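Undergrad: The structure file structure.cif (mmCIF, C-alpha atoms) is provided below.
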data_model
loop_
_atom_site.label_atom_id
_atom_site.label_comp_id
_atom_site.auth_asym_id
_atom_site.auth_seq_id
_atom_site.Cartn_x
_atom_site.Cartn_y
_atom_site.Cartn_z
CA MET A 186 88.34 125.81 -11.46
CA GLN A 187 91.33 124.00 -9.94
CA ASP A 188 89.02 121.88 -7.79
CA LYS A 189 86.88 120.97 -10.78
CA ILE A 190 89.89 119.87 -12.86
CA TYR A 191 91.30 117.95 -9.90
CA ASN A 192 88.02 116.16 -9.20
CA ASP A 193 87.41 115.31 -12.88
CA TRP A 194 90.95 113.93 -13.15
CA LYS A 195 90.45 111.84 -10.00
CA ARG A 196 87.17 110.50 -11.37
CA SER A 197 88.79 109.58 -14.70
CA HIS A 198 91.45 107.56 -12.86
CA SER A 199 88.89 105.80 -10.68
CA GLU A 200 86.97 104.48 -13.66
CA LEU A 201 89.37 101.77 -14.83
CA LYS A 202 87.47 98.57 -15.55
CA PRO A 203 88.60 94.99 -16.07
CA PRO A 204 88.10 93.52 -19.55
CA ARG A 205 84.91 91.59 -20.21
CA GLY A 206 85.06 88.01 -18.90
CA PHE A 207 88.07 88.72 -16.70
CA SER A 208 86.72 86.84 -13.67
CA ARG A 209 86.04 83.80 -15.89
CA THR A 210 89.66 83.85 -17.10
CA VAL A 211 90.94 84.02 -13.51
CA MET A 212 88.70 81.15 -12.41
CA LYS A 213 89.86 79.07 -15.39
CA GLU A 214 93.47 79.61 -14.29
CA ILE A 215 92.61 78.62 -10.73
CA HIS A 216 90.87 75.43 -11.88
CA GLU A 217 93.97 74.58 -13.97
CA LEU A 218 96.13 75.19 -10.91
CA GLU A 219 93.91 72.86 -8.91
CA ALA A 220 94.15 70.19 -11.62
CA LEU A 221 97.94 70.19 -11.17
CA LYS A 222 97.47 69.55 -7.46
CA VAL A 223 95.40 66.39 -7.99
CA LYS A 224 96.96 63.63 -5.95
CA THR A 225 98.24 60.52 -7.61
CA LEU A 226 97.62 56.96 -6.43
CA TRP A 227 100.53 57.21 -3.99
CA GLY A 228 99.36 60.51 -2.49
CA PHE A 229 101.80 62.75 -4.34
CA SER A 230 100.83 65.62 -6.64
CA GLY A 231 101.90 65.69 -10.29
CA ALA A 232 104.68 68.18 -9.58
CA GLU A 233 105.85 66.28 -6.51
CA VAL A 234 106.28 63.14 -8.62
CA MET A 235 107.58 64.74 -11.79
CA ILE A 236 110.42 66.79 -10.30
CA PRO A 237 112.20 63.96 -8.35
CA THR A 238 111.56 61.54 -11.22
CA HIS A 239 113.11 63.97 -13.65
CA ARG A 240 116.09 64.49 -11.36
CA PHE A 241 116.52 60.74 -10.87
CA ALA A 242 116.33 60.15 -14.65
CA ARG A 243 119.00 62.79 -15.26
CA TRP A 244 121.32 61.24 -12.67
CA ALA A 245 120.64 57.74 -14.02
CA VAL A 246 121.62 58.85 -17.55
CA MET A 247 124.79 60.51 -16.27
CA ILE A 248 125.79 57.45 -14.22
CA GLY A 249 125.02 55.20 -17.22
CA LEU A 250 127.17 57.31 -19.53
CA GLY A 251 129.92 57.37 -16.92
CA ALA A 252 129.81 53.57 -16.62
CA LEU A 253 129.93 53.22 -20.41
CA GLY A 254 132.95 55.52 -20.49
CA VAL A 255 134.77 53.49 -17.84
CA PHE A 256 133.93 50.27 -19.72
CA ARG A 257 135.18 51.77 -22.98
CA ILE A 258 138.46 52.94 -21.42
CA SER A 259 139.07 49.58 -19.75
CA TYR A 260 138.20 47.78 -23.04
CA ILE A 261 140.74 49.91 -24.92
CA ALA A 262 143.32 49.39 -22.18
CA VAL A 263 142.87 45.62 -22.07
CA ASN A 264 142.42 44.82 -25.78
CA ILE A 265 144.47 47.46 -27.58
CA LEU A 266 147.15 48.91 -25.33
CA VAL A 267 148.19 45.78 -23.39
CA PRO A 268 148.84 43.44 -26.39
CA MET B 97 77.38 91.74 7.46
CA PRO B 98 79.33 91.68 4.16
CA GLU B 99 82.66 91.07 5.93
CA ASP B 100 81.24 88.03 7.75
CA PHE B 101 79.94 86.70 4.46
CA GLU B 102 83.39 87.22 2.95
CA LEU B 103 84.96 85.22 5.79
CA THR B 104 82.41 82.45 5.19
CA ILE B 105 83.42 82.39 1.52
CA ILE B 106 87.12 82.27 2.44
CA GLY B 107 86.39 79.37 4.79
CA LYS B 108 84.59 77.54 1.97
CA VAL B 109 87.55 78.06 -0.40
CA THR B 110 90.10 76.84 2.12
CA ARG B 111 87.96 73.72 2.66
CA GLY B 112 88.18 72.95 -1.07
CA ASP B 113 85.25 74.79 -2.67
CA VAL B 114 87.28 76.30 -5.53
CA GLN B 115 84.30 77.88 -7.27
CA ALA B 116 83.48 79.95 -4.17
CA PHE B 117 86.59 82.02 -4.93
CA GLU B 118 84.71 83.56 -7.86
CA TYR B 119 82.85 85.77 -5.37
CA ILE B 120 86.20 87.23 -4.26
CA VAL B 121 87.33 87.74 -7.87
CA LYS B 122 84.10 89.50 -8.87
CA LYS B 123 84.11 91.71 -5.79
CA TYR B 124 87.70 92.86 -6.06
CA GLU B 125 88.51 92.82 -9.79
CA ARG B 126 87.54 96.45 -10.30
CA PRO B 127 89.32 97.94 -7.23
CA LEU B 128 92.45 95.95 -8.12
CA PHE B 129 92.36 97.23 -11.70
CA VAL B 130 92.15 100.80 -10.41
CA MET B 131 95.04 100.19 -8.03
CA VAL B 132 97.39 98.29 -10.36
CA GLY B 133 96.45 100.42 -13.39
CA ASN B 134 97.37 103.59 -11.52
CA LEU B 135 100.44 102.37 -9.65
CA LEU B 136 101.99 100.98 -12.84
CA LYS B 137 101.72 102.13 -16.41
CA TYR B 138 98.40 100.80 -17.70
CA SER B 139 99.23 98.37 -20.48
CA HIS B 140 98.30 94.98 -21.88
CA LYS B 141 100.18 93.55 -18.88
CA THR B 142 97.78 95.03 -16.32
CA PRO B 143 95.20 92.19 -16.58
CA ASP B 144 98.04 89.66 -16.20
CA LEU B 145 99.28 91.40 -13.07
CA VAL B 146 95.80 91.57 -11.54
CA GLN B 147 95.32 87.89 -12.39
CA ASP B 148 98.64 87.18 -10.71
CA VAL B 149 97.39 88.96 -7.58
CA PHE B 150 94.30 86.72 -7.48
CA LEU B 151 96.38 83.57 -8.04
CA SER B 152 98.76 84.53 -5.22
CA ALA B 153 95.80 85.27 -2.97
CA TYR B 154 94.24 81.90 -3.80
CA ILE B 155 97.48 79.98 -3.20
CA ASN B 156 98.19 81.77 0.10
CA LEU B 157 94.62 82.02 1.34
CA GLY B 158 95.48 79.67 4.19
CA SER B 159 97.91 82.23 5.58
CA PHE B 160 95.23 84.95 5.83
CA ASP B 161 94.43 85.62 9.48
CA PRO B 162 91.21 87.59 10.07
CA LEU B 163 92.46 88.53 13.54
CA LYS B 164 95.38 90.45 12.02
CA GLY B 165 93.34 92.59 9.65
CA ARG B 166 90.74 92.89 6.93
CA PHE B 167 90.77 90.58 3.93
CA SER B 168 90.63 93.58 1.56
CA SER B 169 93.79 95.02 3.18
CA TRP B 170 95.52 91.65 2.86
CA LEU B 171 94.59 91.49 -0.84
CA PHE B 172 95.63 95.09 -1.53
CA THR B 173 98.96 94.42 0.22
CA ILE B 174 99.61 91.55 -2.21
CA ALA B 175 98.78 93.88 -5.12
CA ARG B 176 101.01 96.65 -3.73
CA ASN B 177 103.95 94.27 -3.33
CA LYS B 178 103.46 92.86 -6.84
CA CYS B 179 103.48 96.40 -8.29
CA LEU B 180 106.61 97.28 -6.33
CA ASN B 181 108.35 94.10 -7.51
CA GLU B 182 107.30 94.77 -11.09
CA MET B 183 108.64 98.32 -10.89
CA ASN B 184 111.94 97.17 -9.41
CA ARG B 185 112.18 94.46 -12.05
CA LYS B 186 111.70 96.93 -14.85
CA LYS B 187 113.90 99.53 -13.15
CA GLU B 188 111.70 102.30 -14.35
CA ILE B 189 109.18 104.67 -12.90
CA CYS B 190 106.01 103.85 -14.70
CA ALA B 191 103.57 106.48 -15.73
CA PRO B 192 99.87 105.96 -15.30
CA ARG B 193 97.76 105.57 -18.38
CA GLN B 194 96.72 108.71 -20.16
CA MET B 195 93.07 108.74 -19.19
CA GLU B 196 90.48 110.00 -21.58
CA THR B 197 89.17 113.39 -20.64
CA ILE B 198 85.69 113.29 -19.25
CA GLN B 199 83.52 115.61 -21.31
CA THR B 200 82.49 118.09 -18.66
CA SER B 201 83.55 121.37 -20.25
CA ILE B 202 81.16 123.35 -22.34
CA THR B 203 83.50 125.08 -24.79
CA PRO B 204 86.15 123.33 -26.95
CA GLU B 205 88.82 125.67 -25.52
CA ALA B 206 87.95 124.58 -21.99
CA SER B 207 88.05 120.91 -23.02
CA LEU B 208 91.53 121.40 -24.49
CA MET B 209 92.62 123.05 -21.27
CA ASP B 210 91.25 120.08 -19.29
CA LYS B 211 93.26 117.65 -21.41
CA GLU B 212 96.40 119.66 -20.87
CA ALA B 213 95.72 119.87 -17.13
CA PHE B 214 95.07 116.10 -16.96
CA ALA B 215 98.37 115.40 -18.70
CA THR B 216 100.13 117.72 -16.22
CA LEU B 217 98.49 115.93 -13.30
CA ASP B 218 99.45 112.53 -14.78
CA ARG B 219 103.08 113.63 -14.98
CA ALA B 220 102.96 114.88 -11.37
CA LEU B 221 101.58 111.52 -10.23
CA ASP B 222 104.24 109.76 -12.26
CA GLN B 223 106.97 111.71 -10.49
CA LEU B 224 105.82 110.81 -6.98
CA PRO B 225 107.99 108.26 -5.10
CA PHE B 226 106.30 104.86 -4.80
CA ASP B 227 105.31 105.21 -1.12
CA LEU B 228 103.59 108.57 -1.73
CA ARG B 229 101.95 107.37 -4.93
CA SER B 230 100.66 104.21 -3.30
CA VAL B 231 99.03 106.16 -0.45
CA PHE B 232 97.63 108.70 -2.91
CA VAL B 233 96.12 106.04 -5.21
CA LEU B 234 94.56 104.15 -2.29
CA ALA B 235 93.07 107.29 -0.75
CA GLU B 236 92.03 109.29 -3.80
CA PHE B 237 91.18 106.66 -6.42
CA GLU B 238 90.09 103.79 -4.17
CA GLY B 239 88.54 105.93 -1.44
CA LEU B 240 90.01 103.84 1.41
CA SER B 241 90.18 105.10 5.00
CA TYR B 242 93.42 106.03 6.78
CA GLY B 243 93.12 102.85 8.87
CA GLU B 244 92.81 100.60 5.83
CA ILE B 245 95.73 102.32 4.07
CA ALA B 246 97.86 102.00 7.22
CA GLU B 247 97.18 98.23 7.22
CA ILE B 248 98.16 97.93 3.54
CA GLU B 249 101.25 100.11 3.85
CA ASP B 250 102.20 98.53 7.18
CA ALA B 251 102.75 102.03 8.55
CA PRO B 252 101.22 104.08 11.38
CA VAL B 253 98.14 106.19 10.57
CA GLY B 254 100.16 109.37 11.23
CA THR B 255 102.68 108.38 8.55
CA VAL B 256 99.85 107.68 6.10
CA LYS B 257 98.33 111.11 6.81
CA SER B 258 101.62 112.93 6.28
CA ARG B 259 102.40 110.97 3.09
CA LEU B 260 98.96 111.75 1.72
CA ALA B 261 99.28 115.44 2.59
CA ARG B 262 102.65 115.62 0.84
CA ALA B 263 101.35 113.75 -2.22
CA ARG B 264 98.26 115.98 -2.48
CA GLU B 265 100.37 119.10 -2.10
CA ARG B 266 102.73 118.01 -4.89
CA ILE B 267 99.89 117.01 -7.18
CA ARG B 268 97.82 120.13 -6.58
CA SER B 269 100.83 122.43 -6.93
CA VAL B 270 100.91 121.74 -10.68
CA LEU B 271 97.40 123.17 -11.00
CA LYS B 272 98.48 126.69 -10.01
CA PRO B 273 98.48 127.96 -13.61
CA TYR B 274 94.83 126.85 -13.97
CA LYS B 275 93.25 129.43 -11.73
CA GLY B 276 89.76 130.18 -12.95
#
Will you turn the file into structure tokens for me?
TA:
Amino acid sequence: MQDKIYNDWKRSHSELKPPRGFSRTVMKEIHELEALKVKTLWGFSGAEVMIPTHRFARWAVMIGLGALGVFRISYIAVNILVP
Amino acid sequence: MPEDFELTIIGKVTRGDVQAFEYIVKKYERPLFVMVGNLLKYSHKTPDLVQDVFLSAYINLGSFDPLKGRFSSWLFTIARNKCLNEMNRKKEICAPRQMETIQTSITPEASLMDKEAFATLDRALDQLPFDLRSVFVLAEFEGLSYGEIAEIEDAPVGTVKSRLARARERIRSVLKPYKG
């Protein structure tokens, strides 16, 4: 009796199945992953180009704002405070 | 030789034949569902986790060394580690899915008793520590050999045997009230 219950329970746990079309979904994901790896004209992948470009753009904006701030302060100092 | 054919497929994939990976997915989707679905609580997240295992395997296929072990063991190790990470992330011991009772009993009373016994066994499995549960799932639900389990668990065969014996003992001990 115990053996029968144990074996039936084991069998029920061994019968899990993936949903229909699961392998197709996985392959679609893999193809999308591959598409991201496609090399650009300069031999860099999309991610390799995007991340440094994004970082550079962020730094450029910060430096630009900083420069504007310095210009503004010097403008105020020269034209308003000094006279 | 199926294993040789598998290595040929892996070689094709690493050389850029993406579609060849479908053979791997079709061959291992069911065993991975059994493993992940029993190591973690079966839920809508199980397909995502199994998919994640395949994606990791695809990305790291170049690091697979056939001289170090079987491909199946390498793949199951990825799945085991993903399950362990998921469990640690959730900080909970996950229960396996409540499986439907297989209709093997003749009388309704016996069927009810089966359901109750299955639930008791599920709870016992749920209470096993991860290392015992992992060995138990690989041996009893996947039907893997001691050698294969030792490769996946990265443990000596003797350790696998003792873990499995302890897990079986704990699981079977809950069946004592069901003496027929």
Undergrad: Taking the file as I've supplied it (selection: the PyMOL selection byres ((chain A) within 10 of (chain B))), which residues are included? Please answer as a compact mmCIF listing (two decimals) with C-alpha atoms, keeping the file's coordinate frame.
TA:
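Listing of part-v5.txt after writing:
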# COMPACT_ATOMS: atom_id res chain seq x y z
CA MET A 186 88.34 125.81 -11.46
CA GLN A 187 91.33 124.00 -9.94
CA ASP A 188 89.02 121.88 -7.79
CA LYS A 189 86.88 120.97 -10.78
CA ILE A 190 89.89 119.87 -12.86
CA TYR A 191 91.30 117.95 -9.90
CA ASN A 192 88.02 116.16 -9.20
CA ASP A 193 87.41 115.31 -12.88
CA TRP A 194 90.95 113.93 -13.15
CA LYS A 195 90.45 111.84 -10.00
CA ARG A 196 87.17 110.50 -11.37
CA SER A 197 88.79 109.58 -14.70
CA HIS A 198 91.45 107.56 -12.86
CA SER A 199 88.89 105.80 -10.68
CA GLU A 200 86.97 104.48 -13.66
CA LEU A 201 89.37 101.77 -14.83
CA LYS A 202 87.47 98.57 -15.55
CA PRO A 203 88.60 94.99 -16.07
CA PRO A 204 88.10 93.52 -19.55
CA PHE A 207 88.07 88.72 -16.70
CA SER A 208 86.72 86.84 -13.67
CA ARG A 209 86.04 83.80 -15.89
CA THR A 210 89.66 83.85 -17.10
CA VAL A 211 90.94 84.02 -13.51
CA MET A 212 88.70 81.15 -12.41
CA LYS A 213 89.86 79.07 -15.39
CA GLU A 214 93.47 79.61 -14.29
CA ILE A 215 92.61 78.62 -10.73
CA HIS A 216 90.87 75.43 -11.88
CA LEU A 218 96.13 75.19 -10.91
CA GLU A 219 93.91 72.86 -8.91
Undergrad: Could you tell me how far CA of Ser241 in chain B sits from CA of Gln223 in chain B, in Å to one decimal place?
TA: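 Distance reported for this atom pair: 23.8 Å.
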Undergrad: Decode the PyMOL selection byres ((chain B and resi 229) around 12) for the given file into explicit residues and return them as a PyMOL selection string.
TA: chain B and resi 131-132+134-136+176+179-180+189-192+218-228+230-237+249+256+259-264+266-267
Undergrad: Rounded to one decimal in Å, what is the spacing between CA of Trp170 in chain B and CA of Lys108 in chain B?
TA: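 Interatomic distance here is 17.9 Å.
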Undergrad: Can you tell me how far CA of Leu145 in chain B sits from CA of Asn184 in chain B, in Å to one decimal?
TA: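 About the pair CA of Leu145 in chain B and CA of Asn184 in chain B: they are 14.4 Å apart.
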Undergrad: Quick one: range 137-159 of chain B with N, CA and C atoms, as a short mmCIF file (atom, residue, chain, number, x, y, z; two decimals), keeping the file's coordinate frame?
TA:
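Dumped to out_16.cif:
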data_model
loop_
_atom_site.label_atom_id
_atom_site.label_comp_id
_atom_site.auth_asym_id
_atom_site.auth_seq_id
_atom_site.Cartn_x
_atom_site.Cartn_y
_atom_site.Cartn_z
N LYS B 137 102.22 101.65 -15.12
CA LYS B 137 101.72 102.13 -16.41
C LYS B 137 100.64 101.16 -16.91
N TYR B 138 99.46 101.68 -17.21
CA TYR B 138 98.40 100.80 -17.70
C TYR B 138 98.80 100.27 -19.07
N SER B 139 98.84 98.96 -19.20
CA SER B 139 99.23 98.37 -20.48
C SER B 139 98.52 97.03 -20.64
N HIS B 140 98.88 96.30 -21.69
CA HIS B 140 98.30 94.98 -21.88
C HIS B 140 98.69 94.02 -20.75
N LYS B 141 99.72 94.41 -19.97
CA LYS B 141 100.18 93.55 -18.88
C LYS B 141 99.35 93.71 -17.60
N THR B 142 98.56 94.78 -17.54
CA THR B 142 97.78 95.03 -16.32
C THR B 142 96.84 93.87 -15.97
N PRO B 143 96.05 93.34 -16.94
CA PRO B 143 95.20 92.19 -16.58
C PRO B 143 96.01 91.00 -16.07
N ASP B 144 97.19 90.77 -16.65
CA ASP B 144 98.04 89.66 -16.20
C ASP B 144 98.48 89.85 -14.75
N LEU B 145 98.83 91.10 -14.44
CA LEU B 145 99.28 91.40 -13.07
C LEU B 145 98.15 91.23 -12.06
N VAL B 146 96.95 91.71 -12.45
CA VAL B 146 95.80 91.57 -11.54
C VAL B 146 95.47 90.07 -11.37
N GLN B 147 95.57 89.34 -12.46
CA GLN B 147 95.32 87.89 -12.39
C GLN B 147 96.34 87.23 -11.46
N ASP B 148 97.58 87.68 -11.56
CA ASP B 148 98.64 87.18 -10.71
C ASP B 148 98.35 87.45 -9.23
N VAL B 149 97.76 88.61 -8.96
CA VAL B 149 97.39 88.96 -7.58
C VAL B 149 96.35 87.96 -7.07
N PHE B 150 95.34 87.66 -7.89
CA PHE B 150 94.30 86.72 -7.48
C PHE B 150 94.87 85.30 -7.29
N LEU B 151 95.79 84.91 -8.18
CA LEU B 151 96.38 83.57 -8.04
C LEU B 151 97.19 83.46 -6.75
N SER B 152 97.97 84.52 -6.46
CA SER B 152 98.76 84.53 -5.22
C SER B 152 97.84 84.48 -4.01
N ALA B 153 96.75 85.25 -4.08
CA ALA B 153 95.80 85.27 -2.97
C ALA B 153 95.19 83.88 -2.78
N TYR B 154 94.85 83.23 -3.88
CA TYR B 154 94.24 81.90 -3.80
C TYR B 154 95.23 80.89 -3.19
N ILE B 155 96.47 80.94 -3.68
CA ILE B 155 97.48 79.98 -3.20
C ILE B 155 97.77 80.18 -1.71
N ASN B 156 97.81 81.47 -1.29
CA ASN B 156 98.19 81.77 0.10
C ASN B 156 97.00 82.05 1.01
N LEU B 157 95.82 81.70 0.56
CA LEU B 157 94.62 82.02 1.34
C LEU B 157 94.68 81.43 2.75
N GLY B 158 95.35 80.31 2.88
CA GLY B 158 95.48 79.67 4.19
C GLY B 158 96.25 80.51 5.19
N SER B 159 97.10 81.40 4.68
CA SER B 159 97.91 82.23 5.58
C SER B 159 97.18 83.51 6.00
#
